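Student: Have a look at the structure that comes next, please.
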Amino acid sequence: MKKEIATLLVGVILGAALMNLFLCKQIDQLYLEREKLKVELYETTERLKKIRVQQQQNKLFVREIEVIFLNEPKQNLLEIELHKKIVELAQAIIGTEVEKVPHTIIGHLLDQRLIEVNGKKFLLHLKTIIIAEKVTFLLKYETADGQSDE
Amino acid sequence: MTKLLETMTYNAFIALGVIIGGSLIGSLGYVLVGQPPGHSMVELAEKLKIWAFVTGLGGTYETIRAIEAGFLGLQLNTVIKQLLLIFAAFIGAHTGYLIIIHLTGGKIR
């Protein structure tokens, strides 16, 4: 009985050794690939971490406000005054992170707003807001009595 | 002379067996812990070479003592005999090492 067990064990060991010998090249290749992938994964993870940190540091902030009036013909003097008032109103958003600009509040702040210039009241109609580092407002205006100031 | 040849053959084959068996079966352990078998076989063959050589010589200091005695007693025959035994063990160990290297497809660079 002991002899059979010993033979079996020798067979198992020899079989495993031979299988190991025949497959060693493939297993070595797979091991190398796994190691390469591990290194690649590590490098990619580190790069991703750096990119995330960079991204957090390089946040975009509102630096400038641009106001464009869509009325035709242009009334330069009036538009300059309106521009000044609008910039005063929207001043608070300068320095805000672009992603965190409260666009709805800004919209309500300017749309349907009455602004007095040289004793006359003008009603603003906000058409578009472009939020970026330079926030752009596209507006139309009319005199407050309902007649378009065109 | 025949006795010497017999002992040389023993030494050579013992060393050969230590290298081949040790590398082939030892690498199974490496595989079980997730190491590459081919690479570990070559590594084991290199490491076992010196031990195969010692085992082939009987694993004792007798050969060294015999050489020493031969030198001191000016018995050149004994010295040459022991050197031949050492050489046979070396040949066996190196043959085993070369066999393993070729079986695994050469050293991984």
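Identifiers in this document derive from the order of the structure tokens: chains are assigned A, B, ..., residues are numbered from 1 separately in each chain, and ligands are numbered from 1 in order of occurrence.
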Counting only C-alpha atoms, which residues of chain A come no farther than 12 Å from chain B, as a ChimeraX atom specification?
Tutor: /A:10,12-35
Student: Quick one: residues within 12 Å of Gly119 (chain A), only C-alpha atoms, excluding same-chain residues fewer than 3 positions away - as a PyMOL selection string?
Tutor: chain A and resi 78+81+114-116+122+143-144
Student: Write out the residues from the selection above, keeping C-alpha atoms, as a CSV table (one decimal), in the first residue's frame.
Tutor:
```
chain,number,residue,atom,x,y,z
A,78,LEU,CA,-27.3,105.1,-24.0
A,81,GLU,CA,-24.7,103.9,-19.6
A,114,LEU,CA,-36.0,98.5,-15.2
A,115,ILE,CA,-32.9,100.7,-15.4
A,116,GLU,CA,-33.0,104.4,-15.2
A,122,PHE,CA,-35.5,101.3,-19.8
A,143,THR,CA,-38.3,102.3,-23.0
A,144,ALA,CA,-40.3,101.5,-20.0
```
Student: Quote the spacing between CA of Thr55 (chain B) and CA of Ala89 (chain B) in Å to one decimal place.
Tutor: 8.4 Å
Student: Apply DSSP to the structure's backbone, then extract all residues of region 47-143 of chain A labelled helix (DSSP H, G or I) and return them as a PyMOL selection string.
Tutor: chain A and resi 47-57+76-93+98-100+103-110
Student: Run DSSP on the backbone and tell me which residues of region 40-144 of chain A come out as strand (DSSP E); list them as a PyMOL selection string.
Tutor: chain A and resi 64-69+114-117+120-130+134-143
Student: Write out the residues from the selection above, keeping C-alpha atoms, as a PDB file, in the first residue's frame.
Tutor:
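Contents of out_11.pdb, as written:
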```pdb
ATOM      1  CA  GLU A  64     -14.777  89.725 -17.159  1.00  0.00           C
ATOM      2  CA  ILE A  65     -18.313  90.714 -18.061  1.00  0.00           C
ATOM      3  CA  GLU A  66     -19.283  91.573 -21.600  1.00  0.00           C
ATOM      4  CA  VAL A  67     -22.613  93.106 -22.520  1.00  0.00           C
ATOM      5  CA  ILE A  68     -23.898  93.023 -26.078  1.00  0.00           C
ATOM      6  CA  PHE A  69     -27.037  94.889 -27.075  1.00  0.00           C
ATOM      7  CA  LEU A 114     -35.962  98.514 -15.213  1.00  0.00           C
ATOM      8  CA  ILE A 115     -32.923 100.699 -15.429  1.00  0.00           C
ATOM      9  CA  GLU A 116     -32.953 104.439 -15.232  1.00  0.00           C
ATOM     10  CA  VAL A 117     -30.601 106.358 -17.456  1.00  0.00           C
ATOM     11  CA  LYS A 120     -35.552 107.731 -18.569  1.00  0.00           C
ATOM     12  CA  LYS A 121     -36.459 104.195 -17.635  1.00  0.00           C
ATOM     13  CA  PHE A 122     -35.461 101.254 -19.832  1.00  0.00           C
ATOM     14  CA  LEU A 123     -36.730  97.717 -19.657  1.00  0.00           C
ATOM     15  CA  LEU A 124     -34.149  94.991 -20.313  1.00  0.00           C
ATOM     16  CA  HIS A 125     -34.870  91.692 -22.079  1.00  0.00           C
ATOM     17  CA  LEU A 126     -32.211  89.135 -21.542  1.00  0.00           C
ATOM     18  CA  LYS A 127     -31.846  86.882 -24.582  1.00  0.00           C
ATOM     19  CA  THR A 128     -28.776  84.810 -23.861  1.00  0.00           C
ATOM     20  CA  ILE A 129     -26.102  84.347 -21.233  1.00  0.00           C
ATOM     21  CA  ILE A 130     -22.774  82.789 -22.125  1.00  0.00           C
ATOM     22  CA  LYS A 134     -15.763  86.088 -19.887  1.00  0.00           C
ATOM     23  CA  VAL A 135     -19.484  86.133 -19.115  1.00  0.00           C
ATOM     24  CA  THR A 136     -21.478  87.543 -22.009  1.00  0.00           C
ATOM     25  CA  PHE A 137     -24.998  88.941 -21.768  1.00  0.00           C
ATOM     26  CA  LEU A 138     -26.983  89.386 -24.957  1.00  0.00           C
ATOM     27  CA  LEU A 139     -29.771  91.881 -24.273  1.00  0.00           C
ATOM     28  CA  LYS A 140     -32.432  93.950 -25.834  1.00  0.00           C
ATOM     29  CA  TYR A 141     -33.840  97.067 -24.239  1.00  0.00           C
ATOM     30  CA  GLU A 142     -36.898  99.223 -24.662  1.00  0.00           C
ATOM     31  CA  THR A 143     -38.268 102.309 -23.000  1.00  0.00           C
TER      32      THR A 143
END
```
Student: For a test of reading the model, state the distance in Å between CA of Leu16 (chain B) and CA of Ala88 (chain B), rounded to one decimal.
Tutor: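 Here the two named atoms are 10.2 Å from each other.
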Student: Looking at B:Lys81, B:Lys3, B:His102, B:His94, which one is nearest to Thr63 (chain B), with distances taken over only C-alpha atoms?
Tutor: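 That would be B:Lys81, the residue with the smallest distance to Thr63 (chain B).
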Student: Let me make sure I understand: among B:Gly58, B:Gly92, B:Thr7, B:Arg65, which one has the smallest atom-to-atom distance to Val79 (chain B) if we use only C-alpha atoms?
Tutor: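 Looking only at the distances to Val79 (chain B), the closest residue turns out to be B:Arg65.
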Student: Find the residues around Ala66 (chain B) up to 12 Å (only C-alpha atoms counted), leave out those fewer than 6 positions away in its own chain, and share them as a PyMOL selection string.
Tutor: chain B and resi 57+60+72-83+85-86
Student: Could you save those same residues with N, CA, C and O atoms as a short mmCIF file (atom, residue, chain, number, x, y, z; two decimals), in the first residue's frame?
Tutor:
```
data_model
loop_
_atom_site.label_atom_id
_atom_site.label_comp_id
_atom_site.auth_asym_id
_atom_site.auth_seq_id
_atom_site.Cartn_x
_atom_site.Cartn_y
_atom_site.Cartn_z
N LEU B 57 30.54 15.58 -4.23
CA LEU B 57 31.79 15.21 -3.57
C LEU B 57 31.57 14.47 -2.27
O LEU B 57 32.51 14.06 -1.61
N THR B 60 31.17 16.30 2.46
CA THR B 60 32.05 16.41 3.65
C THR B 60 33.36 17.06 3.23
O THR B 60 33.56 17.42 2.06
N LEU B 72 50.71 17.76 1.59
CA LEU B 72 51.69 17.75 2.68
C LEU B 72 52.57 16.50 2.64
O LEU B 72 53.77 16.56 2.94
N GLY B 73 51.94 15.37 2.24
CA GLY B 73 52.72 14.13 2.18
C GLY B 73 53.35 13.93 0.81
O GLY B 73 53.92 12.87 0.54
N LEU B 74 53.23 14.90 -0.03
CA LEU B 74 53.76 14.85 -1.41
C LEU B 74 53.27 13.61 -2.17
O LEU B 74 54.00 13.00 -2.93
N GLN B 75 51.98 13.26 -1.90
CA GLN B 75 51.40 12.12 -2.63
C GLN B 75 50.60 12.69 -3.81
O GLN B 75 49.42 13.01 -3.68
N LEU B 76 51.28 12.84 -4.90
CA LEU B 76 50.67 13.48 -6.06
C LEU B 76 49.46 12.71 -6.60
O LEU B 76 48.49 13.29 -7.08
N ASN B 77 49.53 11.39 -6.50
CA ASN B 77 48.43 10.54 -6.97
C ASN B 77 47.11 10.89 -6.29
O ASN B 77 46.08 11.04 -6.95
N THR B 78 47.18 11.05 -4.99
CA THR B 78 45.96 11.36 -4.21
C THR B 78 45.41 12.72 -4.63
O THR B 78 44.19 12.88 -4.81
N VAL B 79 46.31 13.64 -4.80
CA VAL B 79 45.86 14.99 -5.18
C VAL B 79 45.16 14.95 -6.54
O VAL B 79 44.05 15.49 -6.72
N ILE B 80 45.80 14.27 -7.50
CA ILE B 80 45.22 14.19 -8.85
C ILE B 80 43.87 13.47 -8.81
O ILE B 80 42.90 13.88 -9.45
N LYS B 81 43.79 12.43 -8.00
CA LYS B 81 42.55 11.66 -7.86
C LYS B 81 41.41 12.55 -7.35
O LYS B 81 40.30 12.56 -7.89
N GLN B 82 41.74 13.29 -6.31
CA GLN B 82 40.70 14.18 -5.75
C GLN B 82 40.31 15.28 -6.73
O GLN B 82 39.14 15.64 -6.84
N LEU B 83 41.29 15.78 -7.44
CA LEU B 83 40.98 16.83 -8.44
C LEU B 83 40.08 16.29 -9.55
O LEU B 83 39.17 16.97 -10.03
N LEU B 85 37.93 13.88 -9.16
CA LEU B 85 36.59 13.72 -8.58
C LEU B 85 35.86 15.07 -8.57
O LEU B 85 34.66 15.15 -8.89
N ILE B 86 36.60 16.09 -8.22
CA ILE B 86 36.01 17.43 -8.21
C ILE B 86 35.59 17.83 -9.63
O ILE B 86 34.49 18.35 -9.86
#
```
Student: Using only C-alpha atoms, which of A:Glu43, A:Glu88, A:Glu97, A:Glu79 sits nearest Leu109 (chain A)?
Tutor: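 Among the listed residues, the smallest separation from Leu109 (chain A) belongs to A:Glu88.
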Student: Leaving out Ile106 (chain A) and any residue of its chain fewer than 2 positions from it, which residues lie within 10 Å of it when counting only C-alpha atoms, given as an NGL selection string?
Tutor: :A and (89-90 or 92-93 or 101-104 or 108-111 or 126 or 129 or 137)
Student: With only C-alpha atoms as the basis for distance, which of B:Phe87, B:Tyr97, B:Trp51, B:Phe71 is at the shortest distance from Asn11 (chain B)?
Tutor: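 Using only C-alpha atoms, the shortest distance to Asn11 (chain B) belongs to B:Phe87.
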